[in-house]
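Undergrad: Contents of work_4.txt (compact mmCIF, C-alpha atoms) are given next:
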# COMPACT_ATOMS: atom_id res chain seq x y z
CA MET A 1 31.34 17.75 15.66
CA ALA A 2 29.13 19.11 12.87
CA ARG A 3 25.75 17.58 12.52
CA LYS A 4 23.82 17.57 9.33
CA PRO A 5 21.13 20.20 9.63
CA SER A 6 17.89 18.36 10.23
CA LYS A 7 15.21 18.66 7.60
CA LYS A 8 12.63 17.53 10.05
CA PRO A 9 10.41 20.19 11.62
CA ALA A 10 11.21 20.94 15.22
CA ARG A 11 9.42 18.55 17.55
CA THR A 12 8.71 18.63 21.21
CA ARG A 13 9.53 14.94 21.46
CA ARG A 14 12.70 13.71 23.06
CA PRO A 15 15.69 15.09 21.17
CA ALA A 16 17.86 12.85 19.04
CA PRO A 17 20.91 11.64 20.95
CA GLU A 18 24.05 13.69 20.46
CA ALA A 19 26.90 12.07 18.62
CA GLU A 20 29.16 12.61 21.62
CA ASP A 21 27.01 10.20 23.59
CA TYR A 22 28.13 7.32 21.44
CA PRO A 23 31.23 5.24 22.03
CA PRO A 24 34.02 6.30 19.67
CA GLU A 25 33.40 3.60 17.10
CA LEU A 26 29.85 4.79 16.64
CA ALA A 27 30.81 8.44 16.25
CA ARG A 28 29.88 9.97 12.96
CA LEU A 29 32.03 11.09 10.14
CA PRO A 30 30.73 14.44 8.99
CA PRO A 31 29.14 13.93 5.60
CA GLY A 32 30.62 15.60 2.56
CA ARG A 33 34.02 15.67 0.85
CA HIS A 34 36.82 14.68 3.12
CA GLY A 35 39.43 13.01 0.93
CA LEU A 36 39.77 10.01 3.20
CA PRO A 37 40.95 6.61 1.98
CA ARG A 38 38.13 4.51 0.58
CA GLU A 39 38.54 1.70 3.07
CA PHE A 40 38.15 4.16 5.91
CA VAL A 41 35.08 5.66 4.33
CA THR A 42 33.49 2.25 3.85
CA ARG A 43 34.19 1.31 7.42
CA ASN A 44 32.91 4.61 8.55
CA GLN A 45 29.74 4.27 6.50
CA ARG A 46 29.07 1.01 8.24
CA GLU A 47 29.55 2.65 11.60
CA ARG A 48 27.32 5.52 10.61
CA LEU A 49 24.64 3.08 9.56
CA ILE A 50 24.92 1.33 12.89
CA ALA A 51 24.59 4.63 14.71
CA GLY A 52 21.73 5.53 12.37
CA LEU A 53 19.95 2.33 13.29
CA ALA A 54 20.37 3.04 16.98
CA GLU A 55 18.81 6.47 16.48
CA ALA A 56 15.98 5.16 14.33
CA VAL A 57 15.18 2.38 16.79
CA SER A 58 15.32 4.74 19.72
CA GLU A 59 12.83 7.02 18.01
CA HIS A 60 10.50 4.52 16.36
CA GLY A 61 11.11 1.21 18.15
CA TYR A 62 12.50 -1.82 16.35
CA SER A 63 9.28 -2.63 14.52
CA GLY A 64 8.59 0.94 13.47
CA ALA A 65 12.09 1.78 12.29
CA THR A 66 12.48 1.68 8.50
CA ILE A 67 15.50 1.62 6.20
CA ALA A 68 14.59 5.19 5.27
CA HIS A 69 14.83 6.26 8.92
CA ILE A 70 18.21 4.59 9.22
CA THR A 71 19.70 6.06 6.05
CA ARG A 72 18.38 9.51 6.91
CA SER A 73 19.97 9.39 10.38
CA ALA A 74 23.19 8.05 8.93
CA ALA A 75 23.14 10.53 6.03
CA VAL A 76 23.96 7.86 3.47
CA SER A 77 22.05 6.63 0.45
CA ARG A 78 19.74 3.66 0.42
CA ARG A 79 22.09 1.99 -2.01
CA THR A 80 24.95 2.35 0.45
CA PHE A 81 22.81 0.71 3.10
CA TYR A 82 22.30 -2.34 0.93
CA GLU A 83 26.01 -2.49 0.12
CA HIS A 84 26.60 -3.15 3.81
CA PHE A 85 23.52 -4.98 5.03
CA ALA A 86 20.90 -7.26 3.51
CA GLY A 87 18.19 -5.63 5.59
CA LYS A 88 17.15 -4.12 8.88
CA ASP A 89 17.65 -7.35 10.84
CA GLU A 90 21.23 -7.72 9.70
CA CYS A 91 21.98 -4.10 10.52
CA PHE A 92 20.43 -4.58 13.94
CA VAL A 93 22.60 -7.60 14.65
CA ALA A 94 25.69 -5.56 13.75
CA ALA A 95 24.52 -2.73 15.99
CA TYR A 96 23.75 -5.11 18.83
CA ASP A 97 27.16 -6.77 18.60
CA THR A 98 28.90 -3.40 18.58
CA VAL A 99 27.03 -2.04 21.57
CA MET A 100 27.22 -5.24 23.60
CA GLY A 101 30.89 -5.61 22.74
CA GLU A 102 31.55 -2.13 24.05
CA LEU A 103 29.53 -2.74 27.20
CA ARG A 104 31.29 -6.02 27.92
CA GLU A 105 34.67 -4.45 27.36
CA ARG A 106 33.95 -1.65 29.81
CA VAL A 107 32.71 -4.08 32.43
CA SER A 108 35.73 -6.30 31.95
CA GLU A 109 38.17 -3.38 32.18
CA ALA A 110 36.57 -2.13 35.37
CA PHE A 111 36.54 -5.60 36.87
CA GLU A 112 40.24 -6.12 36.13
CA GLN A 113 41.24 -2.96 37.98
CA THR A 114 41.47 -4.65 41.35
CA ASP A 115 42.21 -8.09 42.76
CA ASP A 116 39.71 -7.56 45.52
CA TRP A 117 36.78 -9.52 44.10
CA ALA A 118 33.98 -7.68 45.91
CA ARG A 119 35.33 -4.26 44.84
CA ALA A 120 35.88 -5.59 41.34
CA VAL A 121 32.21 -6.62 41.16
CA LYS A 122 31.23 -3.18 42.37
CA ALA A 123 33.43 -1.53 39.73
CA GLY A 124 32.00 -3.79 37.03
CA ILE A 125 28.41 -3.01 37.94
CA ALA A 126 29.24 0.70 38.15
CA ALA A 127 30.77 0.55 34.66
CA MET A 128 27.69 -1.16 33.28
CA LEU A 129 25.28 1.31 34.86
CA GLY A 130 27.44 4.25 33.79
CA PHE A 131 27.59 3.14 30.17
CA LEU A 132 23.84 2.51 29.96
CA ALA A 133 22.87 5.70 31.80
CA SER A 134 24.95 7.92 29.54
CA ASN A 135 23.76 6.23 26.32
CA PRO A 136 19.99 5.93 26.70
CA SER A 137 19.27 4.99 23.10
CA LEU A 138 21.98 2.31 23.09
CA ALA A 139 20.70 1.06 26.44
CA ARG A 140 17.26 0.67 24.98
CA LEU A 141 18.63 -1.01 21.89
CA CYS A 142 20.56 -3.70 23.72
CA MET A 143 18.28 -4.31 26.72
CA VAL A 144 14.77 -3.84 25.34
CA GLU A 145 14.57 -3.69 21.54
CA ALA A 146 16.98 -6.62 21.13
CA LEU A 147 14.28 -8.97 22.37
CA VAL A 148 11.93 -7.85 19.62
CA ALA A 149 14.48 -8.17 16.85
CA GLY A 150 14.03 -11.84 16.08
CA PRO A 151 15.43 -15.16 17.27
CA ALA A 152 19.01 -14.54 16.12
CA VAL A 153 19.29 -11.44 18.30
CA VAL A 154 17.43 -13.02 21.21
CA GLU A 155 19.96 -15.84 21.20
CA ARG A 156 22.78 -13.30 21.31
CA TYR A 157 21.01 -11.45 24.10
CA ASP A 158 20.70 -14.60 26.21
CA ALA A 159 24.34 -15.44 25.65
CA ALA A 160 25.44 -11.89 26.49
CA ILE A 161 23.54 -11.89 29.78
CA GLN A 162 24.92 -15.30 30.70
CA SER A 163 28.42 -14.05 29.92
CA PHE A 164 28.25 -11.97 33.11
CA VAL A 165 27.84 -15.11 35.24
CA PRO A 166 31.59 -15.92 35.52
CA TYR A 167 32.31 -12.58 37.22
CA PHE A 168 30.14 -13.68 40.10
CA GLN A 169 31.32 -17.28 40.04
CA LYS A 170 34.79 -15.94 40.72
CA GLY A 171 33.46 -15.01 44.15
CA ARG A 172 33.55 -18.69 45.06
CA GLU A 173 37.31 -18.86 44.72
CA GLY A 174 39.16 -19.28 47.98
CA ARG A 175 36.01 -19.47 50.10
CA SER A 176 35.71 -22.07 52.81
CA PRO A 177 33.85 -25.32 52.03
CA GLU A 178 31.24 -24.04 54.44
CA VAL A 179 30.52 -20.95 52.34
CA LEU A 180 30.63 -22.96 49.14
CA SER A 181 28.10 -25.46 50.39
CA ARG A 182 25.71 -22.56 51.00
CA LEU A 183 25.73 -21.48 47.37
CA SER A 184 23.61 -23.34 44.86
CA GLU A 185 24.19 -24.08 41.22
CA THR A 186 21.85 -21.35 40.02
CA THR A 187 22.96 -18.62 42.43
CA GLU A 188 24.95 -16.63 39.88
CA GLU A 189 22.38 -16.99 37.13
CA ALA A 190 19.66 -15.71 39.43
CA LEU A 191 21.83 -12.80 40.57
CA VAL A 192 22.57 -11.74 37.00
CA GLY A 193 18.94 -12.24 35.97
CA GLY A 194 17.69 -10.16 38.87
CA MET A 195 20.15 -7.40 38.12
CA VAL A 196 19.35 -7.30 34.40
CA SER A 197 15.63 -7.33 34.96
CA LEU A 198 15.85 -4.41 37.38
CA ILE A 199 17.92 -2.45 34.86
CA SER A 200 15.51 -3.27 32.03
CA ARG A 201 12.55 -2.14 34.09
CA ARG A 202 14.15 1.25 34.64
CA ILE A 203 14.92 1.59 30.93
CA ILE A 204 11.37 0.65 29.94
CA ALA A 205 10.03 3.17 32.44
CA GLY A 206 12.11 5.89 30.76
CA ARG A 207 14.36 6.24 33.81
CA THR A 208 17.61 5.27 32.12
CA GLU A 209 19.38 8.40 33.39
CA GLU A 210 18.79 7.28 36.97
CA LEU A 211 20.41 3.86 36.55
CA GLU A 212 23.54 4.78 38.48
CA GLU A 213 21.46 5.26 41.62
CA LEU A 214 20.90 1.50 41.63
CA LEU A 215 24.58 0.81 42.33
CA PRO A 216 24.45 0.31 46.12
CA ASP A 217 21.31 -1.84 45.92
CA LEU A 218 22.71 -4.08 43.21
CA VAL A 219 26.08 -4.44 44.90
CA GLU A 220 24.50 -5.42 48.20
CA PHE A 221 22.14 -7.83 46.49
CA THR A 222 24.84 -9.59 44.50
CA LEU A 223 27.46 -9.78 47.26
CA THR A 224 25.16 -10.99 50.05
CA PRO A 225 25.24 -14.71 49.19
CA TYR A 226 29.06 -14.69 49.35
CA LEU A 227 29.80 -12.25 52.16
CA GLY A 228 26.63 -12.08 54.23
CA SER A 229 24.40 -9.01 54.37
CA ASP A 230 26.45 -6.89 56.79
CA GLU A 231 29.67 -7.06 54.85
CA ALA A 232 27.81 -6.74 51.54
CA ALA A 233 25.99 -3.62 52.75
CA ARG A 234 29.23 -2.12 54.03
CA ILE A 235 30.99 -2.51 50.68
CA ALA A 236 27.91 -1.38 48.79
CA ASN A 237 27.78 1.88 50.69
CA GLU A 238 31.46 2.80 50.92
CA ASP A 239 32.82 5.43 48.53
CA MET B 276 -13.55 -3.48 18.84
CA PRO B 277 -16.04 -2.57 21.56
CA PRO B 278 -16.65 -5.73 23.59
CA GLY B 279 -19.74 -4.30 25.27
CA ARG B 280 -21.68 -4.53 22.04
CA HIS B 281 -22.98 -8.01 22.67
CA PRO B 282 -26.03 -8.73 24.78
CA LEU B 283 -25.44 -10.62 28.01
CA PRO B 284 -26.31 -14.17 26.88
CA ARG B 285 -23.27 -14.14 24.61
CA GLU B 286 -20.94 -13.42 27.49
CA PHE B 287 -20.38 -17.02 28.43
CA ILE B 288 -19.69 -18.05 24.84
CA THR B 289 -17.31 -15.17 24.43
CA GLN B 290 -15.38 -16.09 27.54
CA HIS B 291 -15.09 -19.63 26.32
CA GLN B 292 -13.96 -18.49 22.90
CA ARG B 293 -11.34 -16.25 24.41
CA ALA B 294 -9.88 -19.13 26.39
CA ARG B 295 -9.80 -21.27 23.26
CA ILE B 296 -8.14 -18.58 21.21
CA ILE B 297 -5.56 -18.00 23.94
CA ALA B 298 -4.74 -21.71 24.10
CA ALA B 299 -4.42 -21.81 20.30
CA LEU B 300 -2.11 -18.83 20.34
CA ALA B 301 0.11 -20.43 22.97
CA GLU B 302 0.40 -23.65 20.98
CA GLU B 303 1.12 -21.88 17.71
CA THR B 304 3.72 -19.73 19.42
CA VAL B 305 5.56 -22.76 20.71
CA ASP B 306 5.65 -24.20 17.19
CA LYS B 307 6.65 -21.09 15.31
CA GLY B 308 7.76 -18.33 17.64
CA TYR B 309 5.77 -15.16 18.22
CA ARG B 310 6.96 -13.25 15.19
CA ALA B 311 6.00 -15.94 12.69
CA VAL B 312 2.53 -16.72 14.04
CA THR B 313 -0.34 -15.21 12.06
CA VAL B 314 -3.97 -14.62 12.97
CA ALA B 315 -4.81 -17.25 10.32
CA ASP B 316 -2.71 -19.83 12.24
CA ILE B 317 -4.50 -19.01 15.49
CA VAL B 318 -7.93 -19.15 13.86
CA ARG B 319 -7.19 -22.51 12.24
CA ARG B 320 -5.85 -24.04 15.48
CA ALA B 321 -8.78 -22.74 17.53
CA GLY B 322 -11.31 -23.90 14.93
CA ILE B 323 -13.14 -20.58 14.87
CA ALA B 324 -14.05 -18.02 12.23
CA ARG B 325 -11.70 -15.14 11.53
CA ASN B 326 -14.51 -12.76 12.46
CA THR B 327 -14.79 -14.39 15.84
CA PHE B 328 -11.14 -13.69 16.44
CA TYR B 329 -11.61 -10.03 15.66
CA GLU B 330 -14.70 -9.84 17.84
CA ASN B 331 -12.48 -10.79 20.78
CA PHE B 332 -9.16 -9.21 19.95
CA SER B 333 -8.06 -6.31 17.83
CA SER B 334 -4.80 -7.93 16.72
CA LYS B 335 -2.32 -10.71 17.32
CA GLU B 336 -0.55 -8.49 19.80
CA ASP B 337 -3.77 -7.76 21.69
CA CYS B 338 -4.51 -11.48 21.89
CA PHE B 339 -1.01 -12.15 23.09
CA LEU B 340 -1.24 -9.53 25.81
CA ALA B 341 -4.51 -11.07 26.99
CA ALA B 342 -2.92 -14.53 27.07
CA SER B 343 -0.03 -13.26 29.05
CA GLU B 344 -2.22 -11.39 31.50
CA PHE B 345 -4.46 -14.42 31.95
CA ALA B 346 -1.53 -16.72 32.74
CA LEU B 347 0.18 -14.34 35.12
CA ASP B 348 -3.09 -13.69 36.97
CA GLU B 349 -3.61 -17.41 37.28
CA ALA B 350 -0.05 -17.90 38.52
CA LEU B 351 -0.50 -15.18 41.12
CA ARG B 352 -3.79 -16.72 42.25
CA ARG B 353 -2.21 -20.15 42.69
CA VAL B 354 0.74 -18.72 44.58
CA THR B 355 -1.47 -16.70 46.94
CA ASP B 356 -3.81 -19.65 47.54
CA ALA B 357 -0.93 -21.95 48.39
CA ALA B 358 0.77 -19.37 50.59
CA GLY B 359 -2.46 -18.74 52.46
CA ARG B 360 -2.52 -22.32 53.68
CA VAL B 361 0.64 -22.04 55.80
CA ASP B 362 1.60 -19.68 58.58
CA SER B 363 5.19 -18.60 58.69
CA TRP B 364 6.56 -16.32 56.00
CA PRO B 365 9.46 -18.59 54.99
CA ALA B 366 7.00 -21.48 54.60
CA ARG B 367 4.80 -19.22 52.48
CA VAL B 368 7.69 -18.43 50.19
CA ASN B 369 8.35 -22.14 49.92
CA VAL B 370 4.84 -23.30 49.06
CA GLY B 371 4.19 -20.21 46.93
CA LEU B 372 7.25 -20.91 44.80
CA ALA B 373 6.32 -24.60 44.66
CA ALA B 374 2.89 -23.62 43.27
CA LEU B 375 4.48 -21.33 40.70
CA LEU B 376 6.95 -23.97 39.50
CA HIS B 377 4.22 -26.60 39.42
CA TYR B 378 2.05 -24.37 37.23
CA VAL B 379 4.91 -23.60 34.85
CA ALA B 380 5.91 -27.27 34.55
CA GLY B 381 2.31 -28.29 33.92
CA GLU B 382 1.63 -25.66 31.24
CA PRO B 383 4.77 -25.62 29.10
CA ALA B 384 3.14 -23.98 26.06
CA LEU B 385 1.53 -21.20 28.02
CA ALA B 386 4.70 -20.72 30.05
CA ARG B 387 6.78 -20.40 26.91
CA ALA B 388 4.35 -17.91 25.42
CA CYS B 389 4.10 -15.82 28.57
CA ILE B 390 7.63 -15.89 29.91
CA VAL B 391 9.75 -16.16 26.76
CA GLU B 392 7.85 -15.14 23.64
CA VAL B 393 6.18 -12.20 25.34
CA LEU B 394 9.51 -10.42 25.30
CA SER B 395 9.49 -10.53 21.50
CA ALA B 396 6.06 -8.98 21.30
CA GLY B 397 7.22 -5.39 21.50
CA PRO B 398 7.93 -2.87 24.23
CA ALA B 399 4.26 -2.54 25.20
CA ALA B 400 4.05 -6.28 25.87
CA VAL B 401 7.33 -6.23 27.76
CA GLU B 402 6.13 -3.37 29.89
CA ARG B 403 2.97 -5.22 30.78
CA TYR B 404 4.87 -8.42 31.45
CA GLU B 405 7.23 -6.59 33.76
CA SER B 406 4.41 -4.99 35.68
CA SER B 407 2.53 -8.31 35.94
CA ILE B 408 5.45 -10.12 37.49
CA GLN B 409 5.82 -7.27 39.94
CA ALA B 410 2.52 -8.41 41.44
CA PHE B 411 4.66 -10.93 43.33
CA VAL B 412 6.65 -8.17 45.01
CA PRO B 413 4.29 -7.49 47.95
CA LEU B 414 4.31 -11.19 48.89
CA LEU B 415 8.07 -11.07 49.31
CA ARG B 416 8.08 -7.66 50.91
CA MET B 417 6.31 -9.10 53.94
CA GLY B 418 9.62 -10.75 54.74
CA ARG B 419 10.95 -7.40 55.94
CA LYS B 420 8.71 -7.67 58.98
CA VAL B 421 10.31 -10.91 60.13
CA SER B 422 13.85 -10.22 58.98
CA PRO B 423 16.37 -9.08 61.61
CA ASN B 424 17.67 -6.47 59.16
CA GLY B 425 14.33 -5.66 57.57
CA GLU B 426 14.79 -1.93 58.05
CA GLN B 427 18.03 -1.71 56.14
CA LEU B 428 17.28 -3.89 53.15
CA PRO B 429 17.67 -2.17 49.76
CA ASP B 430 14.46 -0.73 48.43
CA THR B 431 14.70 -2.58 45.12
CA LEU B 432 15.34 -5.98 46.71
CA GLU B 433 12.02 -7.66 45.94
CA GLU B 434 11.95 -6.43 42.36
CA THR B 435 15.38 -7.92 41.88
CA ILE B 436 14.47 -11.26 43.44
CA VAL B 437 11.35 -11.63 41.29
CA GLY B 438 13.39 -10.70 38.22
CA GLY B 439 15.98 -13.33 39.12
CA ILE B 440 13.37 -16.05 39.55
CA PHE B 441 11.73 -15.27 36.22
CA TRP B 442 15.11 -15.12 34.51
CA ILE B 443 15.88 -18.63 35.71
CA LEU B 444 12.48 -19.81 34.45
CA TYR B 445 13.15 -18.07 31.14
CA GLN B 446 16.50 -19.83 30.80
CA ARG B 447 15.06 -23.24 31.62
CA ILE B 448 12.26 -22.81 29.09
CA VAL B 449 14.65 -21.64 26.38
CA THR B 450 16.95 -24.60 26.97
CA GLY B 451 14.08 -27.07 26.87
CA GLN B 452 14.11 -27.97 30.57
CA VAL B 453 10.69 -26.65 31.47
CA GLU B 454 9.37 -30.00 32.73
CA GLU B 455 12.16 -30.11 35.30
CA VAL B 456 11.69 -26.64 36.80
CA GLU B 457 10.19 -28.09 39.98
CA GLU B 458 13.61 -29.43 40.86
CA LEU B 459 14.76 -25.83 41.24
CA LEU B 460 12.55 -25.30 44.28
CA PRO B 461 15.16 -25.54 47.06
CA GLU B 462 17.59 -23.30 45.17
CA LEU B 463 15.00 -20.64 44.44
CA VAL B 464 13.67 -20.67 47.99
CA GLU B 465 17.17 -20.16 49.24
CA PHE B 466 17.80 -17.41 46.70
CA SER B 467 14.66 -15.61 47.85
CA LEU B 468 15.26 -15.97 51.59
CA THR B 469 18.99 -15.26 51.75
CA PRO B 470 18.75 -11.46 51.76
CA TYR B 471 16.30 -11.59 54.68
CA PHE B 472 17.92 -14.18 56.94
CA GLY B 473 21.44 -14.75 55.67
CA VAL B 474 22.56 -17.80 53.76
CA GLU B 475 22.58 -20.32 56.58
CA ALA B 476 19.14 -19.59 57.98
CA ALA B 477 17.74 -19.52 54.46
CA LYS B 478 19.25 -22.90 53.72
CA ARG B 479 17.71 -24.31 56.90
CA ALA B 480 14.32 -22.87 56.03
CA ALA B 481 14.57 -24.24 52.51
CA ALA B 482 15.41 -27.69 53.85
CA GLU B 483 12.73 -27.69 56.53
CA ALA B 484 9.91 -26.62 54.30
CA GLU B 485 10.12 -29.33 51.67
CA PRO B 486 7.09 -29.30 49.41
CA PRO B 487 4.18 -31.54 50.43
CA THR B 488 4.64 -34.93 48.75
CA ASP B 489 1.16 -34.92 47.27
CA ALA B 490 1.96 -31.82 45.19
I'd like the structure from this file rewritten - as structure tokens, please.

TA:
Amino acid sequence: MARKPSKKPARTRRPAPEAEDYPPELARLPPGRHGLPREFVTRNQRERLIAGLAEAVSEHGYSGATIAHITRSAAVSRRTFYEHFAGKDECFVAAYDTVMGELRERVSEAFEQTDDWARAVKAGIAAMLGFLASNPSLARLCMVEALVAGPAVVERYDAAIQSFVPYFQKGREGRSPEVLSRLSETTEEALVGGMVSLISRRIIAGRTEELEELLPDLVEFTLTPYLGSDEAARIANED
Amino acid sequence: MPPGRHPLPREFITQHQRARIIAALAEETVDKGYRAVTVADIVRRAGIARNTFYENFSSKEDCFLAASEFALDEALRRVTDAAGRVDSWPARVNVGLAALLHYVAGEPALARACIVEVLSAGPAAVERYESSIQAFVPLLRMGRKVSPNGEQLPDTLEETIVGGIFWILYQRIVTGQVEEVEELLPELVEFSLTPYFGVEAAKRAAAEAEPPTDA
């Protein structure tokens, strides 16, 4: 996958993320003549801009990222940017939706792989951690920078986090009235909130690559209210 | 802006001004959201000169960070004070959480600024917010000493519990239910104690240690 040679002087700062790190729909189309249908090019420009925004935000933060940073990363003209988006905020929303959509899809796919709820939760959490750990700039975009990007994105962020609640609520199905009476209305919300805040802390601390190490802890934490600590710990630590 | 520039007699005035500016910032933030608030708004609400603002804070962000630090310090102080008045660890968790919820319910503007809007104030603010709320971690960690499975509990447990509690507060503030957060007490106590004692024992402890009625 050819990258446009960078005009920037070599820096000792963290390197720009490789295109291969991105999910397929964010992968770049090499700039230049390619004879592709216009519709494809337009679509692809949009995707390149979204990837460009992710790079710019990862390097400069949401507030510091400019349209110029985005178009440079995406290797498109400023005019092209404005053909697709009214401004940085709109581009960010598109990027956020793309990344979150991908993350949610991966979690959902992993969760559907088994009927055993506890193992499904484990697979879902593993998928989430895996996606974030292997895409540090996207992880930062959707878990940290999103909160800075204005009320429209914050609302989406809140909704996205809450959308993980039903996976845990499923753990109530088929349990005895005794177990059910032990769970409170906010149990799932608190579990998801705790999990997300732990993940965000690691991302903020620049330890995104280590996220997968949190798997056993998070599995034990989230399963305990349903299964008790012994069973939760056993499932958390099995291979 | 070097704060040490002023002679001592001004210290009291400065402290007072800071508190006023912080309160003004919190109120303006509730009205407009962090991003839209300007230094001019804060100055107008606090009834001070623009210069005075810049003598105390270098920017809106700096002021916001101070507000957030002030509120979280105060919350921690109230929680520790309350917890210090009872003996057993589960009871401490109960009264500590009651004090936290009581503070949040009684200071809706400050709570909104420091738990919700702070997250919009940039990664530096978020980082400081996250480390401030981690000040509650050691209080929970003491539970390992009295838990039958204290040795085997996951290392990140307390961080996760604190994050869960603040996420619930965040959600209640965002959905306009901040005045009712005290009703969450039994659920949050249970949520915090479950990993240490199992669900049933935690439920019993939560039921036994109802908050004092004069709270």

Undergrad: Please, which residues of chain B lie no more than 8 Å from chain A when the count uses all atoms listed in the file, and can they be set out as a PDB file with C-alpha atoms, in the coordinates of the input?

TA:
ATOM      1  CA  ARG B 310       6.960 -13.250  15.190  1.00  0.00           C
ATOM      2  CA  LEU B 394       9.510 -10.420  25.300  1.00  0.00           C
ATOM      3  CA  SER B 395       9.490 -10.530  21.500  1.00  0.00           C
ATOM      4  CA  ALA B 396       6.060  -8.980  21.300  1.00  0.00           C
ATOM      5  CA  GLY B 397       7.220  -5.390  21.500  1.00  0.00           C
ATOM      6  CA  PRO B 398       7.930  -2.870  24.230  1.00  0.00           C
ATOM      7  CA  GLU B 402       6.130  -3.370  29.890  1.00  0.00           C
ATOM      8  CA  GLU B 405       7.230  -6.590  33.760  1.00  0.00           C
ATOM      9  CA  PRO B 429      17.670  -2.170  49.760  1.00  0.00           C
ATOM     10  CA  ASP B 430      14.460  -0.730  48.430  1.00  0.00           C
ATOM     11  CA  THR B 431      14.700  -2.580  45.120  1.00  0.00           C
ATOM     12  CA  LEU B 432      15.340  -5.980  46.710  1.00  0.00           C
ATOM     13  CA  GLU B 434      11.950  -6.430  42.360  1.00  0.00           C
ATOM     14  CA  THR B 435      15.380  -7.920  41.880  1.00  0.00           C
ATOM     15  CA  ILE B 436      14.470 -11.260  43.440  1.00  0.00           C
ATOM     16  CA  VAL B 437      11.350 -11.630  41.290  1.00  0.00           C
ATOM     17  CA  GLY B 438      13.390 -10.700  38.220  1.00  0.00           C
ATOM     18  CA  GLY B 439      15.980 -13.330  39.120  1.00  0.00           C
ATOM     19  CA  ILE B 440      13.370 -16.050  39.550  1.00  0.00           C
ATOM     20  CA  PHE B 441      11.730 -15.270  36.220  1.00  0.00           C
ATOM     21  CA  TRP B 442      15.110 -15.120  34.510  1.00  0.00           C
ATOM     22  CA  ILE B 443      15.880 -18.630  35.710  1.00  0.00           C
ATOM     23  CA  GLU B 462      17.590 -23.300  45.170  1.00  0.00           C
ATOM     24  CA  PHE B 466      17.800 -17.410  46.700  1.00  0.00           C
ATOM     25  CA  THR B 469      18.990 -15.260  51.750  1.00  0.00           C
ATOM     26  CA  PRO B 470      18.750 -11.460  51.760  1.00  0.00           C
ATOM     27  CA  GLY B 473      21.440 -14.750  55.670  1.00  0.00           C
ATOM     28  CA  VAL B 474      22.560 -17.800  53.760  1.00  0.00           C
ATOM     29  CA  GLU B 475      22.580 -20.320  56.580  1.00  0.00           C
ATOM     30  CA  LYS B 478      19.250 -22.900  53.720  1.00  0.00           C
TER      31      LYS B 478
END

Undergrad: Find the residues around Lys420 of chain B up to 12 Å (all atoms listed in the file counted), leave out those fewer than 4 positions away in its own chain, and share them as a compact mmCIF listing (two decimals) with C-alpha atoms, in the coordinates of the input.

TA:
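In the end it all went to out_17.txt:
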# COMPACT_ATOMS: atom_id res chain seq x y z
CA SER B 363 5.19 -18.60 58.69
CA TRP B 364 6.56 -16.32 56.00
CA PRO B 365 9.46 -18.59 54.99
CA PRO B 413 4.29 -7.49 47.95
CA LEU B 414 4.31 -11.19 48.89
CA LEU B 415 8.07 -11.07 49.31
CA ARG B 416 8.08 -7.66 50.91
CA ASN B 424 17.67 -6.47 59.16
CA GLY B 425 14.33 -5.66 57.57
CA GLU B 426 14.79 -1.93 58.05
CA GLN B 427 18.03 -1.71 56.14
CA LEU B 428 17.28 -3.89 53.15
CA TYR B 471 16.30 -11.59 54.68
CA PHE B 472 17.92 -14.18 56.94

Undergrad: Need to verify the contact set: segment 84-97 of chain A, 8 Å, all atoms listed in the file, exclusion of same-chain residues closer than 2 positions in sequence. Can you return it as a count of residues only?

TA: 21

Undergrad: So which one's closest to Ile448 of chain B, B:Ala350, B:Val412, B:Ala342, B:Val391? Using all atoms listed in the file, please.

TA: B:Val391

Undergrad: In Å to one decimal, how far is atom CA of Ala301 of chain B from atom CA of Ala388 of chain B?

TA: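 Pair atom CA of Ala388 of chain B / atom CA of Ala301 of chain B returns 5.5 Å.
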
Undergrad: Measuring between all atoms listed in the file, which one of A:Lys122, A:Pro177, A:Ala133, A:Phe111 shows the shortest distance to Asn237 of chain A?

TA: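 Checking each of A:Lys122, A:Pro177, A:Ala133, A:Phe111 against Asn237 of chain A, counting all atoms listed in the file, the winner is A:Lys122.
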
Undergrad: Between atom CA of Thr313 of chain B and atom CA of Arg325 of chain B, measure the distance and give it in Å to one decimal.

TA: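 The value is 11.4 Å.
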
Undergrad: Closest to Asn331 of chain B among B:Gln409, B:Ser343, B:Gln292, B:Ser422, using all atoms listed in the file?

TA: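 For Asn331 of chain B, the nearest of the candidates is B:Gln292.
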
Undergrad: Here is a test: counting only C-alpha atoms, which residue of B:Ala366, B:Ala481, B:Val379, B:Ala374 is nearest to Glu454 of chain B?

TA: B:Val379

Undergrad: Report, in Å with one decimal, the straight-line distance from atom CA of Thr355 of chain B to atom CA of Ala373 of chain B.

TA: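 Between atom CA of Thr355 of chain B and atom CA of Ala373 of chain B the gap is 11.3 Å.
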
Undergrad: How would you write as a PyMOL selection string the residues that get within 10 Å of (-10.5, -21.4, 16.5) in the file's frame, counting all atoms listed in the file?

TA: chain B and resi 292-293+295-300+315-325+327-328

Undergrad: Using all atoms listed in the file, pick whichever of A:Met143, A:Ile161, A:Ile235, A:Ala120 has the shortest atom-to-atom distance to Arg202 of chain A.

TA: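 The shortest atom-to-atom distance to Arg202 of chain A comes from A:Met143.
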